[in-house]
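A.B. asks: I'm passing along protein-v7.cif; it holds mmCIF, C-alpha atoms.
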data_my_file
#
loop_
_atom_site.label_atom_id
_atom_site.label_comp_id
_atom_site.auth_asym_id
_atom_site.auth_seq_id
_atom_site.Cartn_x
_atom_site.Cartn_y
_atom_site.Cartn_z
CA MET A 13 15.57 6.85 14.60
CA SER A 14 16.05 3.84 12.31
CA VAL A 15 16.05 4.16 8.52
CA ALA A 16 13.19 2.74 6.44
CA THR A 17 14.48 0.22 3.90
CA ILE A 18 13.50 -2.03 1.01
CA TYR A 19 15.03 -5.36 -0.02
CA SER A 20 16.17 -5.79 -3.61
CA GLU A 21 14.96 -9.42 -3.91
CA ARG A 22 14.80 -9.99 -7.71
CA MET A 23 12.94 -6.79 -8.54
CA PHE A 24 15.80 -5.02 -10.30
CA ARG A 25 17.60 -7.96 -11.93
CA ARG A 26 16.28 -7.39 -15.48
CA PHE A 27 16.58 -3.63 -15.40
CA GLU A 28 20.27 -2.94 -14.86
CA THR A 29 20.52 -1.18 -18.23
CA ASP A 30 17.93 1.39 -17.19
CA LEU A 31 18.93 1.68 -13.53
CA GLY A 32 22.68 1.01 -13.56
CA PRO A 33 23.93 4.52 -14.45
CA CYS A 34 21.76 6.05 -11.72
CA ALA A 35 22.86 3.43 -9.20
CA ASP A 36 26.46 4.47 -9.89
CA LYS A 37 25.58 8.14 -9.57
CA LEU A 38 23.86 7.56 -6.22
CA ARG A 39 26.70 5.27 -5.03
CA ILE A 40 24.41 2.26 -4.81
CA PRO A 41 26.42 -0.97 -5.31
CA ARG A 42 25.57 -2.96 -8.42
CA ALA A 43 24.91 -5.85 -6.04
CA ILE A 44 21.35 -4.53 -6.03
CA PHE A 45 20.85 -6.27 -9.38
CA ARG A 46 22.18 -9.64 -8.25
CA GLU A 47 21.83 -10.12 -4.48
CA PRO A 48 18.24 -10.61 -3.23
CA ASP A 49 19.14 -9.75 0.37
CA PHE A 50 20.63 -6.35 -0.52
CA GLU A 51 18.95 -3.75 1.70
CA LEU A 52 18.47 -0.24 0.31
CA SER A 53 17.14 2.83 2.11
CA ILE A 54 13.68 3.88 0.92
CA ASP A 55 15.03 7.36 0.19
CA LYS A 56 17.72 6.01 -2.16
CA TYR A 57 15.19 3.66 -3.76
CA TYR A 58 12.91 6.60 -4.63
CA ARG A 59 15.87 8.60 -5.88
CA LEU A 60 17.04 5.69 -8.03
CA LEU A 61 13.69 5.44 -9.81
CA ASP A 62 13.36 9.21 -10.11
CA CYS A 63 16.86 9.51 -11.58
CA ALA A 64 16.14 6.77 -14.13
CA SER A 65 12.88 8.45 -15.13
CA ARG A 66 14.81 11.65 -15.88
CA THR A 67 17.75 10.10 -17.70
CA THR A 68 17.14 6.67 -19.24
CA ASN A 69 13.44 5.71 -19.12
CA PRO A 70 10.69 8.22 -18.27
CA ARG A 71 8.22 5.40 -17.47
CA ILE A 72 10.61 3.20 -15.51
CA GLY A 73 8.03 2.38 -12.81
CA LEU A 74 5.55 1.03 -15.35
CA THR A 75 8.33 -0.82 -17.18
CA ILE A 76 9.45 -2.64 -14.03
CA GLY A 77 6.02 -3.28 -12.52
CA SER A 78 4.45 -4.60 -15.73
CA GLY A 79 7.44 -6.87 -16.38
CA MET A 80 7.80 -8.48 -12.96
CA GLU A 81 6.96 -12.06 -12.06
CA ALA A 82 5.26 -12.78 -8.73
CA GLY A 83 8.43 -14.34 -7.31
CA ASP A 84 10.46 -11.22 -8.00
CA LEU A 85 9.30 -10.05 -4.55
CA GLY A 86 10.93 -13.10 -2.96
CA PRO A 87 8.98 -15.05 -0.31
CA LEU A 88 6.21 -12.43 -0.35
CA GLY A 89 5.64 -12.91 -4.08
CA HIS A 90 5.82 -16.70 -3.83
CA ALA A 91 3.19 -16.60 -1.06
CA ALA A 92 0.95 -14.48 -3.26
CA ALA A 93 1.31 -16.99 -6.11
CA ALA A 94 0.46 -19.89 -3.75
CA SER A 95 -2.81 -18.28 -2.65
CA ALA A 96 -6.19 -19.77 -3.51
CA ASP A 97 -7.78 -16.75 -5.15
CA VAL A 98 -7.31 -13.03 -5.76
CA ARG A 99 -8.83 -12.12 -2.39
CA GLN A 100 -6.29 -14.22 -0.52
CA MET A 101 -3.43 -13.10 -2.77
CA LEU A 102 -4.11 -9.42 -2.15
CA GLY A 103 -4.53 -10.11 1.56
CA VAL A 104 -1.08 -11.72 1.67
CA LEU A 105 0.51 -8.78 -0.16
CA SER A 106 -1.25 -6.30 2.11
CA ARG A 107 -0.42 -8.09 5.36
CA TYR A 108 3.25 -8.79 4.69
CA LEU A 109 4.36 -5.92 2.43
CA TYR A 110 6.26 -4.52 5.41
CA VAL A 111 8.58 -7.54 5.27
CA PHE A 112 9.69 -6.47 1.80
CA ALA A 113 9.61 -2.70 2.27
CA HIS A 114 9.10 -0.30 5.15
CA SER A 115 7.10 2.86 4.73
CA ASN A 116 4.26 2.15 2.26
CA VAL A 117 0.87 0.49 2.81
CA LEU A 118 -1.14 -1.70 0.44
CA ARG A 119 -4.76 -1.79 1.58
CA ILE A 120 -7.75 -3.72 0.20
CA ASP A 121 -11.08 -1.90 0.61
CA VAL A 122 -14.08 -4.09 -0.24
CA GLY A 123 -17.61 -2.88 -0.96
CA PRO A 124 -20.73 -4.81 -2.07
CA ARG A 125 -20.09 -4.26 -5.80
CA LEU A 126 -16.54 -2.96 -6.10
CA PHE A 127 -13.23 -3.24 -4.31
CA ALA A 128 -10.20 -0.99 -4.33
CA VAL A 129 -6.51 -1.76 -4.06
CA ALA A 130 -5.14 1.35 -2.35
CA TYR A 131 -1.43 2.13 -2.19
CA ASP A 132 -0.57 4.76 0.40
CA VAL A 133 2.88 6.34 0.38
CA THR A 134 4.14 7.93 3.59
CA TYR A 135 7.05 9.73 1.90
CA SER A 136 6.15 13.42 1.67
CA ASN A 137 7.31 14.27 -1.88
CA ILE A 138 4.61 13.14 -4.36
CA ALA A 139 6.77 13.85 -7.40
CA MET A 140 9.62 11.75 -5.98
CA HIS A 141 7.53 8.62 -5.41
CA GLN A 142 5.57 8.77 -8.69
CA GLN A 143 7.58 5.94 -10.27
CA ASP A 144 7.22 3.69 -7.21
CA VAL A 145 3.44 4.17 -7.23
CA GLU A 146 3.19 3.26 -10.90
CA LEU A 147 5.48 0.27 -10.29
CA ALA A 148 3.38 -1.01 -7.36
CA LEU A 149 0.00 -0.66 -9.07
CA ALA A 150 1.33 -2.15 -12.31
CA TYR A 151 2.72 -5.11 -10.34
CA ALA A 152 -0.69 -5.70 -8.71
CA VAL A 153 -2.53 -5.60 -12.05
CA ARG A 154 0.09 -7.78 -13.71
CA GLN A 155 -0.17 -10.45 -10.99
CA ILE A 156 -3.97 -10.51 -11.01
CA ARG A 157 -3.85 -11.18 -14.74
CA ALA A 158 -0.91 -13.58 -14.78
CA LEU A 159 -1.91 -15.69 -11.77
CA THR A 160 -5.56 -16.05 -12.82
CA GLY A 161 -4.90 -16.46 -16.55
CA THR A 162 -7.42 -13.70 -17.34
CA GLU A 163 -7.29 -10.20 -18.77
CA ALA A 164 -8.97 -8.68 -15.72
CA SER A 165 -8.56 -4.91 -15.73
CA PRO A 166 -9.49 -2.26 -13.18
CA ARG A 167 -12.48 -0.08 -14.01
CA ILE A 168 -10.76 3.04 -12.70
CA VAL A 169 -7.12 3.80 -11.90
CA GLU A 170 -6.41 6.77 -9.64
CA PHE A 171 -3.05 8.45 -9.14
CA ALA A 172 -2.22 11.23 -6.68
CA HIS A 173 0.39 12.67 -9.05
CA ALA A 174 -0.26 14.79 -12.13
CA GLN A 175 -0.76 13.28 -15.56
CA PRO A 176 2.64 12.44 -17.12
CA ALA A 177 3.61 12.82 -20.76
CA TYR A 178 3.43 9.02 -21.23
CA ALA A 179 -0.16 8.74 -19.96
CA LYS A 180 -1.16 6.80 -23.09
CA ASP A 181 1.25 4.03 -22.08
CA LEU A 182 -0.41 3.82 -18.67
CA ARG A 183 -3.85 3.65 -20.30
CA LYS A 184 -2.73 0.91 -22.66
CA PHE A 185 -1.43 -1.27 -19.82
CA PHE A 186 -4.06 -0.69 -17.13
CA GLY A 187 -7.03 -0.67 -19.49
CA GLY A 188 -9.41 1.28 -17.25
CA GLU A 189 -10.33 4.94 -16.90
CA MET A 190 -7.28 6.94 -15.80
CA GLN A 191 -7.63 9.72 -13.23
CA PHE A 192 -4.71 11.92 -12.13
CA GLY A 193 -4.27 14.46 -9.35
CA ARG A 194 -6.57 12.45 -7.07
CA GLY A 195 -6.51 12.10 -3.30
CA GLY A 196 -4.76 8.74 -3.42
CA ASN A 197 -3.47 5.87 -5.54
CA ARG A 198 -6.11 3.20 -6.16
CA LEU A 199 -7.24 0.45 -8.52
CA HIS A 200 -11.03 -0.01 -8.64
CA TYR A 201 -12.22 -3.50 -9.66
CA SER A 202 -15.53 -5.30 -9.89
CA ARG A 203 -15.94 -7.35 -6.72
CA ASN A 204 -16.23 -10.66 -8.60
CA VAL A 205 -12.53 -10.38 -9.48
CA LEU A 206 -11.77 -11.25 -5.83
CA ASP A 207 -13.15 -14.76 -6.41
CA LEU A 208 -11.00 -15.57 -9.45
CA PRO A 209 -8.94 -18.70 -8.67
CA ILE A 210 -5.15 -18.68 -8.90
CA HIS A 211 -3.80 -21.51 -11.04
CA SER A 212 -0.56 -21.87 -9.04
CA SER A 213 -2.36 -22.25 -5.70
CA ASP A 214 -0.46 -24.40 -3.18
CA PRO A 215 -1.98 -24.38 0.35
CA SER A 216 0.94 -26.24 1.95
CA LEU A 217 3.50 -23.87 0.48
CA LEU A 218 1.41 -20.84 1.45
CA HIS A 219 1.17 -22.09 5.05
CA ALA A 220 4.94 -22.54 5.28
CA LEU A 221 5.63 -19.15 3.71
CA GLU A 222 3.17 -17.37 6.02
CA ILE A 223 4.96 -18.82 9.04
CA PHE A 224 8.24 -17.48 7.65
CA LEU A 225 6.74 -14.08 6.75
CA SER A 226 5.09 -13.74 10.17
CA GLU A 227 8.44 -14.20 11.86
CA ARG A 228 10.10 -11.77 9.46
CA LEU A 229 7.35 -9.26 10.15
CA LYS A 230 8.18 -9.32 13.85
CA VAL A 231 11.89 -8.82 13.13
CA ARG A 232 11.27 -6.03 10.62
CA SER A 233 9.01 -4.30 13.11
CA GLU A 234 11.97 -3.99 15.46
CA ASP A 235 13.93 -2.21 12.72
CA ALA A 236 11.62 0.81 12.42
CA ASP A 237 9.44 3.15 14.44
CA LEU A 238 6.78 1.14 16.26
CA GLY A 239 4.14 3.81 15.68
CA LYS A 240 4.50 3.57 11.90
CA LYS A 241 4.20 -0.19 12.02
CA VAL A 242 1.04 -0.05 14.13
CA VAL A 243 -0.46 2.47 11.69
CA HIS A 244 0.32 0.03 8.87
CA LEU A 245 -1.44 -2.83 10.64
CA ILE A 246 -4.45 -0.68 11.54
CA SER A 247 -4.81 0.41 7.90
CA THR A 248 -4.67 -3.11 6.53
CA SER A 249 -7.09 -4.62 9.07
CA LEU A 250 -9.96 -2.11 9.00
CA SER A 251 -12.10 -3.99 6.48
CA SER A 252 -12.19 -6.96 8.90
CA GLY A 253 -13.77 -4.85 11.63
CA MET A 254 -12.58 -2.64 14.44
CA PRO A 255 -8.82 -3.21 14.93
CA GLU A 256 -7.99 -4.75 18.30
CA ILE A 257 -4.77 -3.93 20.11
CA GLY A 258 -4.35 -7.54 21.25
CA ARG A 259 -4.49 -8.91 17.71
CA ILE A 260 -2.09 -6.29 16.37
CA ALA A 261 0.24 -6.86 19.31
CA ALA A 262 0.27 -10.60 18.59
CA THR A 263 1.25 -9.89 14.98
CA LEU A 264 4.22 -7.95 16.33
CA GLY A 265 5.15 -10.72 18.76
CA LEU A 266 4.07 -8.67 21.79
CA SER A 267 1.36 -8.80 24.42
CA GLY A 268 -1.37 -6.17 24.29
CA ARG A 269 -0.14 -4.67 27.55
CA THR A 270 3.45 -4.46 26.29
CA LEU A 271 2.40 -2.80 23.03
CA GLN A 272 0.28 -0.31 24.93
CA ARG A 273 3.24 0.54 27.19
CA HIS A 274 5.57 1.02 24.19
CA LEU A 275 3.04 3.31 22.52
CA GLN A 276 2.70 5.33 25.70
CA ASP A 277 6.48 5.75 25.73
CA GLU A 278 6.09 7.43 22.30
CA SER A 279 3.12 9.53 23.52
CA LEU A 280 0.73 7.52 21.31
CA VAL A 281 -2.72 6.17 22.16
CA PHE A 282 -3.97 3.16 20.18
CA SER A 283 -7.62 4.27 20.02
CA GLU A 284 -6.59 7.71 18.76
CA MET A 285 -4.40 6.11 16.08
CA VAL A 286 -7.36 4.02 14.90
CA GLU A 287 -9.56 7.12 14.72
CA SER A 288 -6.90 9.05 12.79
CA VAL A 289 -6.42 6.30 10.22
CA ARG A 290 -10.18 5.94 9.80
CA ARG A 291 -10.58 9.67 9.29
CA ASP A 292 -7.83 9.91 6.68
CA ILE A 293 -9.30 7.04 4.65
CA ALA A 294 -12.87 8.28 5.08
CA GLU A 295 -12.05 11.75 3.77
CA GLN A 296 -10.37 10.26 0.69
CA TYR A 297 -13.32 8.07 -0.21
CA VAL A 298 -16.15 10.45 0.69
CA GLN A 299 -14.78 13.34 -1.31
CA ARG A 300 -12.96 11.53 -4.10
CA SER A 301 -14.62 8.24 -5.02
CA ASP A 302 -17.80 6.72 -6.41
CA PHE A 303 -18.18 4.26 -3.53
CA SER A 304 -21.49 4.61 -1.69
CA LEU A 305 -21.37 5.93 1.86
CA THR A 306 -22.57 2.54 3.12
CA ASP A 307 -19.69 0.86 1.27
CA ILE A 308 -17.24 3.29 2.86
CA ALA A 309 -18.66 2.64 6.32
CA LEU A 310 -18.20 -1.12 5.91
CA MET A 311 -14.67 -0.64 4.53
CA LEU A 312 -13.73 1.23 7.69
CA GLY A 313 -15.06 -1.45 10.01
CA TYR A 314 -18.36 0.24 10.98
CA SER A 315 -21.37 -2.06 11.27
CA GLU A 316 -23.78 0.50 9.81
CA LEU A 317 -23.86 3.85 8.06
CA SER A 318 -25.31 5.75 11.03
CA ALA A 319 -22.26 4.94 13.20
CA PHE A 320 -19.93 6.13 10.44
CA SER A 321 -21.99 9.30 9.93
CA ARG A 322 -21.75 10.18 13.62
CA ALA A 323 -17.97 9.65 13.59
CA PHE A 324 -17.56 11.70 10.40
CA ARG A 325 -19.55 14.58 11.85
CA ARG A 326 -17.42 14.45 15.01
CA TRP A 327 -14.23 14.62 12.90
CA THR A 328 -15.26 17.28 10.39
CA GLY A 329 -18.29 19.15 11.70
CA SER A 330 -20.43 17.99 8.76
CA SER A 331 -22.13 14.79 7.68
CA PRO A 332 -20.58 12.61 4.94
CA GLN A 333 -23.62 13.45 2.79
CA GLN A 334 -22.86 17.16 3.10
CA ALA A 335 -19.16 16.62 2.43
CA ARG A 336 -19.91 14.66 -0.72
CA GLY A 337 -22.49 17.12 -2.02
CA SER A 338 -20.58 20.35 -1.44
CA GLU A 339 -17.31 21.79 -0.23
CA PRO A 340 -16.44 20.23 3.15
CA ALA A 341 -16.86 22.41 6.20
CA THR A 342 -13.82 23.90 7.87
CA THR A 343 -12.35 21.25 10.11
CA PRO A 344 -10.48 21.63 13.39
CA ARG A 345 -6.76 21.21 13.23
CA ARG A 346 -5.64 17.74 14.18
CA ARG A 347 -2.56 15.67 14.45
CA SER A 348 -2.46 13.15 11.59
CA HIS A 349 -1.59 9.52 12.23
CA ARG A 350 1.56 9.95 10.16
CA ALA A 351 2.70 12.87 12.30
CA ALA A 352 1.79 10.98 15.45
CA ALA A 353 3.66 7.89 14.34
CA SER A 354 6.81 9.84 13.59
CA ALA A 355 6.81 11.99 16.72
#
Would it be possible to restate this file's structure as structure tokens?
C.D. replies:
Amino acid sequence: MSVATIYSERMFRRFETDLGPCADKLRIPRAIFREPDFELSIDKYYRLLDCASRTTNPRIGLTIGSGMEAGDLGPLGHAAAASADVRQMLGVLSRYLYVFAHSNVLRIDVGPRLFAVAYDVTYSNIAMHQQDVELALAYAVRQIRALTGTEASPRIVEFAHAQPAYAKDLRKFFGGEMQFGRGGNRLHYSRNVLDLPIHSSDPSLLHALEIFLSERLKVRSEDADLGKKVVHLISTSLSSGMPEIGRIAATLGLSGRTLQRHLQDESLVFSEMVESVRRDIAEQYVQRSDFSLTDIALMLGYSELSAFSRAFRRWTGSSPQQARGSEPATTPRRRSHRAAASA
């Protein structure tokens, strides 16, 4: 099985003082601070941030994320900065994050009044990836503000991890209501923020960069488990409607029939993967968010609430209304999409 990795790009270049001693301890070459094409395993990346948080800077994730420029993510960041508005910028980051880093998913869930930027981490140890989560969400907030020239702040910020000792620093930067120990990591914004124009918009540059990123996405997909990549693409495409195997296959540079055959070789079924992703997201939002059930249905690609309600009852044995109003009913054991993708 291949190893999930992340590229250094320019993300670490200004933070060698904080990260250098831990890089040495973990036997990570100092080239990580100078060479944008340095490739680091996701495991060592998490350990690097965790080590720094314990030894040199307890809020290292916030420090890095709130201090980054868009271009510090290389071509991905430059494409985000060349987008027309916040909606397109977040779409670019969501679609091509895999080019920069394997493993994690940035998803945009849009409702009639609010939208959420959700950052899902597939690594199992919540405490270990705390700093990466804070880095990623701080980067997103920083870019929305910097690229639009506004002070736009999320209404609510949710973290899966427990409240840290430096929570006041998080509150000061993010500006919204902070919630810890939640079912996921999310920024909740007013929907009108999606329409804010980006002052550095450059359609020609964005087009060229998307061609490059699309090709890199195909190459990166060959470097890791196909199942995990398909899960990523399903997650990031749900708000546009029911994911289609042909469209996802084309993104990977494959035909629908070829992708289906590869999934079968890994004992995976595309329709079951879609259902599993939908269920995971649905349970998070139904039980742990203020989004209306209609909003959640639309986020997941359902055309109406009744279709979502039927699916939710099939998954859990109770309606979404019952799950939201009381303790959810006991659910049958199932194989999660993460387990299926890593089988």
A.B. asks: Pick out the residues sitting within 8 Å of range 94-110 of chain A, and hand them over as a count of residues only; count only C-alpha atoms, and ignore anything fewer than 5 positions along from it in its own chain.
C.D. replies: 28
A.B. asks: Determine, counting all atoms listed in the file, which protein, DNA and RNA residues have an atom within 8 Å of an atom of range 50-55 of chain A; residues of the same chain fewer than 6 positions away are not included. Present the result as a compact mmCIF listing (two decimals) with C-alpha atoms, in the coordinates of the input.
C.D. replies:
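For reference, part_27.txt as written:
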# COMPACT_ATOMS: atom_id res chain seq x y z
CA VAL A 15 16.05 4.16 8.52
CA ALA A 16 13.19 2.74 6.44
CA THR A 17 14.48 0.22 3.90
CA ILE A 18 13.50 -2.03 1.01
CA TYR A 19 15.03 -5.36 -0.02
CA SER A 20 16.17 -5.79 -3.61
CA GLU A 21 14.96 -9.42 -3.91
CA ALA A 43 24.91 -5.85 -6.04
CA ILE A 44 21.35 -4.53 -6.03
CA ALA A 113 9.61 -2.70 2.27
CA HIS A 114 9.10 -0.30 5.15
CA SER A 115 7.10 2.86 4.73
A.B. asks: Mind pulling up the distance from CA of Ser304 in chain A to CA of Arg167 in chain A?
C.D. replies: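 Atom-to-atom, CA of Arg167 in chain A and CA of Ser304 in chain A are spaced 16.0 Å apart.
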A.B. asks: Using only C-alpha atoms, collect all residues at a distance of at most 12 Å from (9.1, 7.6, -18.7) as written in the file, then present them as a list in words.
C.D. replies: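 Applying the cut-off with only C-alpha atoms, one gets Asp30, Leu61, Asp62, Cys63, Ala64, Ser65, Arg66, Thr67, Thr68, Asn69, Pro70, Arg71, Ile72, Gly73, Leu74, Thr75, Ile76, Gln142, Gln143, Glu146, Leu147, Gln175, Pro176, Ala177, Tyr178, Ala179, Lys180, Asp181 and Leu182 of chain A.
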A.B. asks: Work out how far apart CA of Phe27 in chain A and CA of Glu222 in chain A are and give it in Å to one decimal.
C.D. replies: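 Separation of CA of Phe27 in chain A and CA of Glu222 in chain A: 28.8 Å.
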A.B. asks: Nearest to Ala172 in chain A among A:Tyr314, A:Phe186, A:Phe320, A:Phe192, with distances taken over all atoms listed in the file: which residue is it?
C.D. replies: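 Ranked by minimum distance to Ala172 in chain A, first place goes to A:Phe192.
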A.B. asks: Give me the residues within 7 Å of range 292-303 of chain A as a compact mmCIF listing (two decimals) with C-alpha atoms, in the coordinates of the input, counting only C-alpha atoms and dropping any in the same chain fewer than 2 places off.
C.D. replies:
# COMPACT_ATOMS: atom_id res chain seq x y z
CA GLY A 195 -6.51 12.10 -3.30
CA SER A 288 -6.90 9.05 12.79
CA VAL A 289 -6.42 6.30 10.22
CA ARG A 290 -10.18 5.94 9.80
CA LEU A 305 -21.37 5.93 1.86
CA ASP A 307 -19.69 0.86 1.27
CA ILE A 308 -17.24 3.29 2.86
CA PRO A 332 -20.58 12.61 4.94
CA ALA A 335 -19.16 16.62 2.43
CA ARG A 336 -19.91 14.66 -0.72
A.B. asks: For each of A:Arg325, A:His219, A:Arg125, A:Arg39, take the minimum atom-to-atom distance to Asn204 in chain A, counting only C-alpha atoms, then give the residue where this is smallest.
C.D. replies: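 Residue with the minimum atom-to-atom distance to Asn204 in chain A: A:Arg125.
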A.B. asks: Enumerate, as an NGL selection string, the residues matched when the PyMOL selection byres ((chain A and resi 22) around 7) is run on the file above.
C.D. replies: :A and (20-21 or 23-25 or 48 or 84-86)
A.B. asks: Just add N, CA, C and O atoms to range 251-266 of chain A and send it as a short mmCIF file (atom, residue, chain, number, x, y, z; two decimals), in the coordinates of the input.
C.D. replies:
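Here's the written file part36.cif:
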data_model
loop_
_atom_site.label_atom_id
_atom_site.label_comp_id
_atom_site.auth_asym_id
_atom_site.auth_seq_id
_atom_site.Cartn_x
_atom_site.Cartn_y
_atom_site.Cartn_z
N SER A 251 -10.97 -3.37 7.17
CA SER A 251 -12.10 -3.99 6.48
C SER A 251 -12.59 -5.25 7.20
O SER A 251 -13.67 -5.75 6.90
N SER A 252 -11.79 -5.77 8.14
CA SER A 252 -12.19 -6.96 8.90
C SER A 252 -12.91 -6.60 10.19
O SER A 252 -13.27 -7.48 10.97
N GLY A 253 -13.11 -5.31 10.41
CA GLY A 253 -13.77 -4.85 11.63
C GLY A 253 -12.89 -3.92 12.42
O GLY A 253 -11.82 -3.53 11.97
N MET A 254 -13.34 -3.56 13.60
CA MET A 254 -12.58 -2.64 14.44
C MET A 254 -11.25 -3.27 14.86
O MET A 254 -11.23 -4.35 15.45
N PRO A 255 -10.12 -2.64 14.55
CA PRO A 255 -8.82 -3.21 14.93
C PRO A 255 -8.69 -3.36 16.44
O PRO A 255 -9.11 -2.48 17.19
N GLU A 256 -8.16 -4.48 16.88
CA GLU A 256 -7.99 -4.75 18.30
C GLU A 256 -6.50 -4.72 18.64
O GLU A 256 -5.68 -5.29 17.93
N ILE A 257 -6.17 -4.07 19.74
CA ILE A 257 -4.77 -3.93 20.11
C ILE A 257 -4.14 -5.29 20.40
O ILE A 257 -2.97 -5.52 20.09
N GLY A 258 -4.91 -6.22 20.95
CA GLY A 258 -4.35 -7.54 21.25
C GLY A 258 -3.95 -8.28 20.00
O GLY A 258 -2.89 -8.91 19.95
N ARG A 259 -4.80 -8.21 18.97
CA ARG A 259 -4.49 -8.91 17.71
C ARG A 259 -3.28 -8.29 17.02
O ARG A 259 -2.42 -8.99 16.51
N ILE A 260 -3.22 -6.96 17.00
CA ILE A 260 -2.09 -6.29 16.37
C ILE A 260 -0.81 -6.55 17.16
O ILE A 260 0.27 -6.77 16.60
N ALA A 261 -0.92 -6.56 18.48
CA ALA A 261 0.24 -6.86 19.31
C ALA A 261 0.77 -8.27 19.02
O ALA A 261 1.98 -8.48 18.93
N ALA A 262 -0.14 -9.23 18.87
CA ALA A 262 0.27 -10.60 18.59
C ALA A 262 1.01 -10.69 17.27
O ALA A 262 1.99 -11.44 17.13
N THR A 263 0.57 -9.92 16.27
CA THR A 263 1.25 -9.89 14.98
C THR A 263 2.68 -9.40 15.13
O THR A 263 3.58 -9.85 14.41
N LEU A 264 2.89 -8.51 16.08
CA LEU A 264 4.22 -7.95 16.33
C LEU A 264 5.03 -8.78 17.32
O LEU A 264 6.17 -8.42 17.65
N GLY A 265 4.44 -9.88 17.80
CA GLY A 265 5.15 -10.72 18.76
C GLY A 265 5.17 -10.13 20.16
O GLY A 265 6.08 -10.42 20.96
N LEU A 266 4.15 -9.32 20.48
CA LEU A 266 4.07 -8.67 21.79
C LEU A 266 2.75 -8.99 22.45
O LEU A 266 1.80 -9.45 21.81
#
